[in-house]
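Shown below: my_file-v7.cif, with mmCIF, C-alpha atoms.
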```
data_target
loop_
_atom_site.label_atom_id
_atom_site.label_comp_id
_atom_site.auth_asym_id
_atom_site.auth_seq_id
_atom_site.Cartn_x
_atom_site.Cartn_y
_atom_site.Cartn_z
CA MET A 1 -15.00 73.25 14.74
CA LEU A 2 -14.21 76.37 16.73
CA ARG A 3 -15.54 75.24 20.10
CA ARG A 4 -12.00 75.13 21.45
CA LEU A 5 -10.12 77.89 19.72
CA SER A 6 -7.01 76.42 18.16
CA SER A 7 -3.95 77.74 16.37
CA ARG A 8 -3.69 74.53 14.35
CA PRO A 9 -5.57 75.64 11.20
CA LEU A 10 -3.09 78.43 10.46
CA LEU A 11 0.01 76.81 11.89
CA ALA A 12 -0.67 73.77 9.71
CA ALA A 13 0.21 75.99 6.78
CA VAL A 14 3.91 75.86 7.63
CA ALA A 15 4.11 72.22 8.75
CA GLY A 16 6.28 69.80 6.87
CA ALA A 17 8.90 72.24 5.50
CA PHE A 18 6.64 73.38 2.67
CA TRP A 19 8.97 76.02 1.20
CA ALA A 20 10.09 74.83 -2.21
CA PRO A 21 13.51 75.39 -3.82
CA GLY A 22 13.27 77.49 -6.95
CA LEU A 23 10.87 80.22 -5.79
CA PHE A 24 11.55 83.48 -7.62
CA GLU A 25 11.53 86.97 -6.15
CA ILE A 26 8.86 89.55 -7.03
CA ASP A 27 9.85 92.89 -8.54
CA ASP A 28 6.41 94.52 -8.09
CA ASP A 29 6.29 96.26 -4.68
CA GLY A 30 2.50 95.89 -4.56
CA LEU A 31 2.52 92.09 -4.63
CA ALA A 32 3.39 89.58 -1.91
CA VAL A 33 2.91 86.31 -3.82
CA VAL A 34 2.42 85.37 -7.48
CA VAL A 35 1.42 81.85 -8.53
CA GLY A 36 0.43 81.58 -12.19
CA ASP A 37 -2.44 84.04 -12.62
CA GLU A 38 -3.10 84.16 -8.87
CA ARG A 39 -1.96 87.31 -7.03
CA LEU A 40 -1.83 88.19 -3.33
CA SER A 41 -1.33 91.93 -2.90
CA MET A 42 0.56 93.48 -0.01
CA SER A 43 -2.57 95.42 0.97
CA LYS A 44 -4.60 92.21 1.14
CA LEU A 45 -1.85 90.54 3.12
CA ASP A 46 -1.88 93.46 5.57
CA ALA A 47 -5.61 92.95 6.22
CA LEU A 48 -5.25 89.20 6.61
CA ALA A 49 -2.23 89.63 8.88
CA ASP A 50 -4.22 91.81 11.26
CA ALA A 51 -6.94 89.16 11.43
CA GLY A 52 -4.38 86.36 11.70
CA CYS A 53 -2.64 88.09 14.58
CA THR A 54 -5.92 88.59 16.40
CA TYR A 55 -7.00 84.98 15.88
CA LEU A 56 -3.67 83.40 16.82
CA ALA A 57 -3.14 85.71 19.79
CA THR A 58 -6.61 84.80 21.08
CA ALA A 59 -5.90 81.11 20.52
CA ALA A 60 -2.54 81.43 22.28
CA ALA A 61 -4.15 83.15 25.26
CA SER A 62 -6.76 80.38 25.55
CA GLN A 63 -3.96 77.80 25.55
CA GLY A 64 -1.65 79.71 27.89
CA SER A 65 1.03 80.13 25.24
CA GLU A 66 2.85 83.11 23.74
CA ALA A 67 1.25 85.15 20.98
CA PRO A 68 3.03 84.94 17.62
CA SER A 69 5.00 87.79 16.12
CA GLN A 70 3.62 89.84 13.23
CA GLY A 71 6.40 88.49 11.04
CA ALA A 72 5.58 84.88 11.87
CA VAL A 73 1.92 85.43 11.05
CA ARG A 74 2.77 87.02 7.72
CA GLN A 75 5.07 84.13 6.84
CA ILE A 76 2.27 81.70 7.66
CA LEU A 77 -0.13 83.62 5.41
CA VAL A 78 2.35 83.77 2.53
CA THR A 79 2.84 80.02 2.84
CA GLN A 80 -0.92 79.56 2.95
CA GLU A 81 -1.28 81.54 -0.29
CA LEU A 82 1.38 79.41 -1.99
CA GLN A 83 -0.36 76.22 -0.89
CA LEU A 84 -3.84 77.36 -1.83
CA ALA A 85 -2.97 78.85 -5.21
CA GLY A 86 -0.87 75.83 -6.14
CA SER A 87 -3.62 73.48 -4.97
CA ARG A 88 -6.26 75.29 -7.00
CA LEU A 89 -4.11 75.16 -10.13
CA LEU A 90 -3.28 71.49 -9.80
CA SER A 91 -6.79 70.39 -8.84
CA GLU A 92 -8.11 72.19 -11.92
CA GLU A 93 -5.56 70.43 -14.11
CA LEU A 94 -6.55 67.08 -12.59
CA GLU A 95 -10.25 67.98 -13.01
CA LEU A 96 -10.97 67.34 -9.35
CA ASP A 97 -14.28 68.46 -7.87
CA VAL A 98 -14.00 69.30 -4.18
CA PRO A 99 -17.33 70.75 -2.98
CA ARG A 100 -17.35 73.87 -0.84
CA SER A 101 -19.16 71.92 1.86
CA ARG A 102 -15.89 70.11 2.66
CA TRP A 103 -14.14 73.26 3.83
CA ALA A 104 -16.64 76.09 4.39
CA LEU A 105 -17.49 77.08 7.97
CA GLY A 106 -21.03 76.42 9.11
CA ALA A 107 -23.55 78.95 10.40
CA GLU A 108 -22.81 78.14 14.05
CA ASP A 109 -19.08 78.62 13.54
CA LEU A 110 -19.65 81.91 11.74
CA GLN A 111 -21.78 83.17 14.60
CA GLN A 112 -19.02 82.27 17.03
CA LEU A 113 -16.47 84.18 14.94
CA GLU A 114 -18.76 87.21 14.85
CA THR A 115 -19.11 87.12 18.63
CA MET A 116 -15.39 86.72 19.29
CA PHE A 117 -13.89 88.91 16.56
CA ARG A 118 -16.27 91.80 15.97
CA GLY A 119 -14.94 93.97 13.15
CA ARG A 120 -12.53 91.28 11.96
CA ALA A 121 -14.82 88.25 11.72
CA ASP A 122 -14.93 88.32 7.91
CA ASP A 123 -11.14 88.32 7.61
CA VAL A 124 -10.75 85.58 10.24
CA GLN A 125 -13.34 83.55 8.35
CA GLU A 126 -11.39 84.05 5.13
CA ILE A 127 -8.04 82.91 6.48
CA LEU A 128 -9.58 79.85 8.15
CA GLU A 129 -11.56 78.85 5.07
CA ARG A 130 -8.55 79.40 2.81
CA ASP A 131 -6.58 76.99 4.97
CA PHE A 132 -9.38 74.41 5.14
CA GLU A 133 -9.86 74.65 1.36
CA SER A 134 -6.13 74.16 0.81
CA GLN A 135 -6.08 71.07 3.02
CA ALA A 136 -9.17 69.61 1.34
CA LEU A 137 -7.70 70.18 -2.12
CA ARG A 138 -4.30 68.75 -1.22
CA THR A 139 -5.93 65.68 0.30
CA ALA A 140 -7.98 65.16 -2.88
CA ILE A 141 -4.85 65.65 -4.98
CA GLY A 142 -3.01 63.11 -2.85
CA ALA A 143 -5.81 60.61 -3.35
CA ASP A 144 -5.75 61.21 -7.10
CA VAL A 145 -1.99 60.91 -7.62
CA THR A 146 -1.76 57.78 -5.46
CA GLY A 147 -4.98 56.20 -6.72
CA THR A 148 -6.17 55.78 -3.14
CA ALA A 149 -9.59 56.49 -1.66
CA VAL A 150 -9.61 58.89 1.29
CA THR A 151 -10.30 57.37 4.69
CA GLN A 152 -9.95 58.73 8.20
CA GLU A 153 -6.88 56.57 8.68
CA ASN A 154 -4.96 57.68 5.57
CA SER A 155 -6.03 61.32 5.27
CA GLU A 156 -2.81 62.68 6.80
CA GLN A 157 -0.66 60.63 4.44
CA LEU A 158 -2.71 61.69 1.43
CA LEU A 159 -2.44 65.32 2.55
CA GLN A 160 1.34 64.93 2.57
CA SER A 161 1.31 63.30 -0.87
CA GLY A 162 -0.87 66.12 -2.17
CA THR A 163 1.43 68.72 -0.63
CA GLU A 164 4.42 67.19 -2.42
CA ALA A 165 2.52 67.32 -5.71
CA VAL A 166 1.64 70.98 -5.09
CA VAL A 167 5.30 71.81 -4.44
CA GLU A 168 6.13 70.39 -7.87
CA GLU A 169 3.31 72.45 -9.38
CA LEU A 170 4.73 75.62 -7.81
CA ARG A 171 8.12 74.86 -9.32
CA ARG A 172 6.49 74.33 -12.71
CA VAL A 173 4.64 77.66 -12.71
CA ASP A 174 7.58 79.65 -11.28
CA ALA A 175 5.86 80.77 -8.09
CA SER A 176 7.20 84.09 -6.79
CA VAL A 177 7.46 85.56 -3.29
CA ASP A 178 8.42 89.03 -2.10
CA PRO A 179 12.01 88.66 -0.78
CA ARG A 180 11.19 90.57 2.40
CA PHE A 181 9.43 87.55 3.87
CA GLY A 182 12.66 85.87 4.90
CA LEU A 183 13.44 83.44 2.09
CA ASP A 184 17.02 82.79 1.04
CA ALA A 185 18.24 82.27 -2.52
CA GLU A 186 17.03 78.65 -2.49
CA GLY A 187 13.56 79.52 -1.29
CA GLN A 188 14.15 78.27 2.25
CA PRO A 189 13.46 80.30 5.42
CA ASP A 190 16.56 82.33 6.24
CA PRO A 191 16.90 83.27 9.94
CA GLY A 192 19.26 86.04 8.90
CA LEU A 193 16.46 87.91 7.12
CA SER A 194 13.83 89.85 9.05
CA LEU A 195 10.20 88.99 8.39
CA SER A 196 8.37 92.18 7.54
CA ALA A 197 5.64 93.56 9.77
CA SER A 198 4.87 96.11 7.04
CA ARG A 199 6.91 98.00 4.48
CA GLU A 200 6.66 101.18 6.58
CA GLN A 201 7.75 99.38 9.74
CA LEU A 202 10.73 97.84 7.95
CA ALA A 203 12.15 101.31 7.49
CA GLN A 204 11.38 102.40 11.05
CA GLU A 205 12.18 99.57 13.43
CA ASP A 206 13.77 96.21 13.91
CA PRO A 207 10.93 93.72 14.67
CA ALA A 208 13.27 91.77 16.96
CA THR A 209 13.44 94.75 19.33
CA VAL A 210 9.65 95.12 19.69
CA PRO A 211 8.12 93.52 22.81
CA ALA A 212 6.52 90.17 21.93
CA ASN A 213 3.05 91.30 22.99
CA GLN A 214 3.23 94.30 20.62
CA ARG A 215 4.61 92.64 17.50
CA CYS A 216 1.26 91.71 16.01
CA ARG A 217 -0.29 94.80 14.49
CA GLY A 218 -3.97 94.73 15.33
CA VAL A 219 -3.47 93.03 18.71
CA GLU A 220 -3.51 95.38 21.66
CA SER A 221 -0.60 95.31 24.06
CA SER A 222 -1.29 93.83 27.46
CA GLU A 223 0.96 96.41 29.09
#
```
Transcribe the structure of this file into structure tokens.
Amino acid sequence: MLRRLSSRPLLAAVAGAFWAPGLFEIDDDGLAVVVGDERLSMSKLDALADAGCTYLATAAASQGSEAPSQGAVRQILVTQELQLAGSRLLSEELELDVPRSRWALGAEDLQQLETMFRGRADDVQEILERDFESQALRTAIGADVTGTAVTQENSEQLLQSGTEAVVEELRRVDASVDPRFGLDAEGQPDPGLSLSASREQLAQEDPATVPANQRCRGVESSE
């Protein structure tokens, strides 16, 4: 799965204009995302963002492309949390059983992560498995709501159908997102709002003025 390091697992989290109208803003400074009883704390997001930056910067280097900004990675991870929490809620309501074997990384992949990301392998594993779990759940949800068996040919369509169902679930449970992640009043990405690198950095610097190769906290500058 990881033989050719790819940015697709994480970048898939923001594909298809996932952001749903009707997302509420969080008043608690310690939380990044709230979906029903699910919570993603800012401290947890910080740890995952460091790992996400490292993973995506490494993937970008292997593909000869530009490393993502810290803000972009954090937006991806917030979207991932929305997708995963909404998928878990809806799959439970539909009484779907999606075995861990469909999304968990194997021993060989875990060894590769340990070799490539010493010190951050556990966090990289978590963000990858969270994304794979989300995709597996949304595909199963799509199959359930359409009454269609999953095949290799229709899996992408069922994933999209499941994603649409999860968006409706997030509206139903009043999903909430910290407003500092660049969402406008309708819950859509707002280019006029800065995506936070951290609460401390928000008060100290404008992320747009930081060199691209230094924007991801946890990724060393090449300069």
The residues within 9 Å of (-3.9, 64.2, 0.6), using all atoms listed in the file and the coordinates of the file, should be reported as a list of chain:residue names; which are they? A:Gln135, A:Ala136, A:Leu137, A:Arg138, A:Thr139, A:Ala140, A:Ile141, A:Gly142, A:Ala143, A:Asp144, A:Val150, A:Asn154, A:Ser155, A:Glu156, A:Gln157, A:Leu158, A:Leu159, A:Gln160, A:Ser161, A:Gly162, A:Thr163
Return the single residue from A:Gln112, A:Ser62, A:Gln152, A:Ser87 that is closest to Gln125 in chain A, with distances computed using all atoms listed in the file. A:Gln112
May I have the protein, DNA and RNA residues with any atom at most 9 Å from the point (-1.6, 81.1, 23.5), counting all atoms listed in the file, written as JSON, numbers by chain? {"A": [6, 7, 56, 57, 58, 59, 60, 61, 62, 63, 64, 65, 66, 67, 68]}
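Evaluated against the shown file, the PyMOL selection byres ((chain A and resi 93-107) around 6) gives Leu90, Ser91, Glu92, Glu108, Asp109, Leu110, Glu129, Phe132 and Glu133 of chain A.
Shortest atom-to-atom contact with Ser41 in chain A among A:Tyr55, A:Leu77, A:Gly71, A:Thr151: A:Leu77, counting all atoms listed in the file.
In this model, the gap between CA of Arg172 in chain A and CA of Val34 in chain A comes to 12.9 Å.
Between CA of Leu31 in chain A and CA of Gln75 in chain A the interatomic distance comes to 14.2 Å.
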Build an axis-aligned box that encloses every atom of range 92-111 of chain A listed in the file, pad it by 5 Å on each side, and report its centre and edge lengths in Å to one decimal, as AutoDock Vina command-line options.
```
--center_x -14.6 --center_y 75.1 --center_z 0.2 --size_x 28.0 --size_y 26.1 --size_z 38.7
```
Identify which of the residues A:Asp123, A:Val73, A:Leu82, A:Arg118 lies closest to Ala47 in chain A, counting only C-alpha atoms when measuring atom-to-atom distances. A:Asp123
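Here CA of Leu89 in chain A stands at a distance of 9.1 Å from CA of Glu38 in chain A.
Of the listed residues (A:Leu113, A:Ala85, A:Ala121, A:Ala51), A:Ala85 comes nearest to Leu170 in chain A; the distances count all atoms listed in the file.
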Near Arg120 in chain A, counting all atoms listed in the file, which residues have an atom at most 12 Å away, once you skip same-chain residues fewer than 4 positions from it, shown as a PDB file with C-alpha atoms, keeping the file's coordinate frame?
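The result, stored in selection_12.pdb:
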```pdb
ATOM      1  CA  ALA A  47      -5.610  92.950   6.220  1.00  0.00           C
ATOM      2  CA  LEU A  48      -5.250  89.200   6.610  1.00  0.00           C
ATOM      3  CA  ALA A  49      -2.230  89.630   8.880  1.00  0.00           C
ATOM      4  CA  ASP A  50      -4.220  91.810  11.260  1.00  0.00           C
ATOM      5  CA  ALA A  51      -6.940  89.160  11.430  1.00  0.00           C
ATOM      6  CA  GLY A  52      -4.380  86.360  11.700  1.00  0.00           C
ATOM      7  CA  CYS A  53      -2.640  88.090  14.580  1.00  0.00           C
ATOM      8  CA  THR A  54      -5.920  88.590  16.400  1.00  0.00           C
ATOM      9  CA  TYR A  55      -7.000  84.980  15.880  1.00  0.00           C
ATOM     10  CA  LEU A 110     -19.650  81.910  11.740  1.00  0.00           C
ATOM     11  CA  LEU A 113     -16.470  84.180  14.940  1.00  0.00           C
ATOM     12  CA  GLU A 114     -18.760  87.210  14.850  1.00  0.00           C
ATOM     13  CA  THR A 115     -19.110  87.120  18.630  1.00  0.00           C
ATOM     14  CA  MET A 116     -15.390  86.720  19.290  1.00  0.00           C
ATOM     15  CA  VAL A 124     -10.750  85.580  10.240  1.00  0.00           C
ATOM     16  CA  GLN A 125     -13.340  83.550   8.350  1.00  0.00           C
ATOM     17  CA  GLU A 126     -11.390  84.050   5.130  1.00  0.00           C
ATOM     18  CA  ILE A 127      -8.040  82.910   6.480  1.00  0.00           C
ATOM     19  CA  GLY A 218      -3.970  94.730  15.330  1.00  0.00           C
ATOM     20  CA  VAL A 219      -3.470  93.030  18.710  1.00  0.00           C
TER      21      VAL A 219
END
```
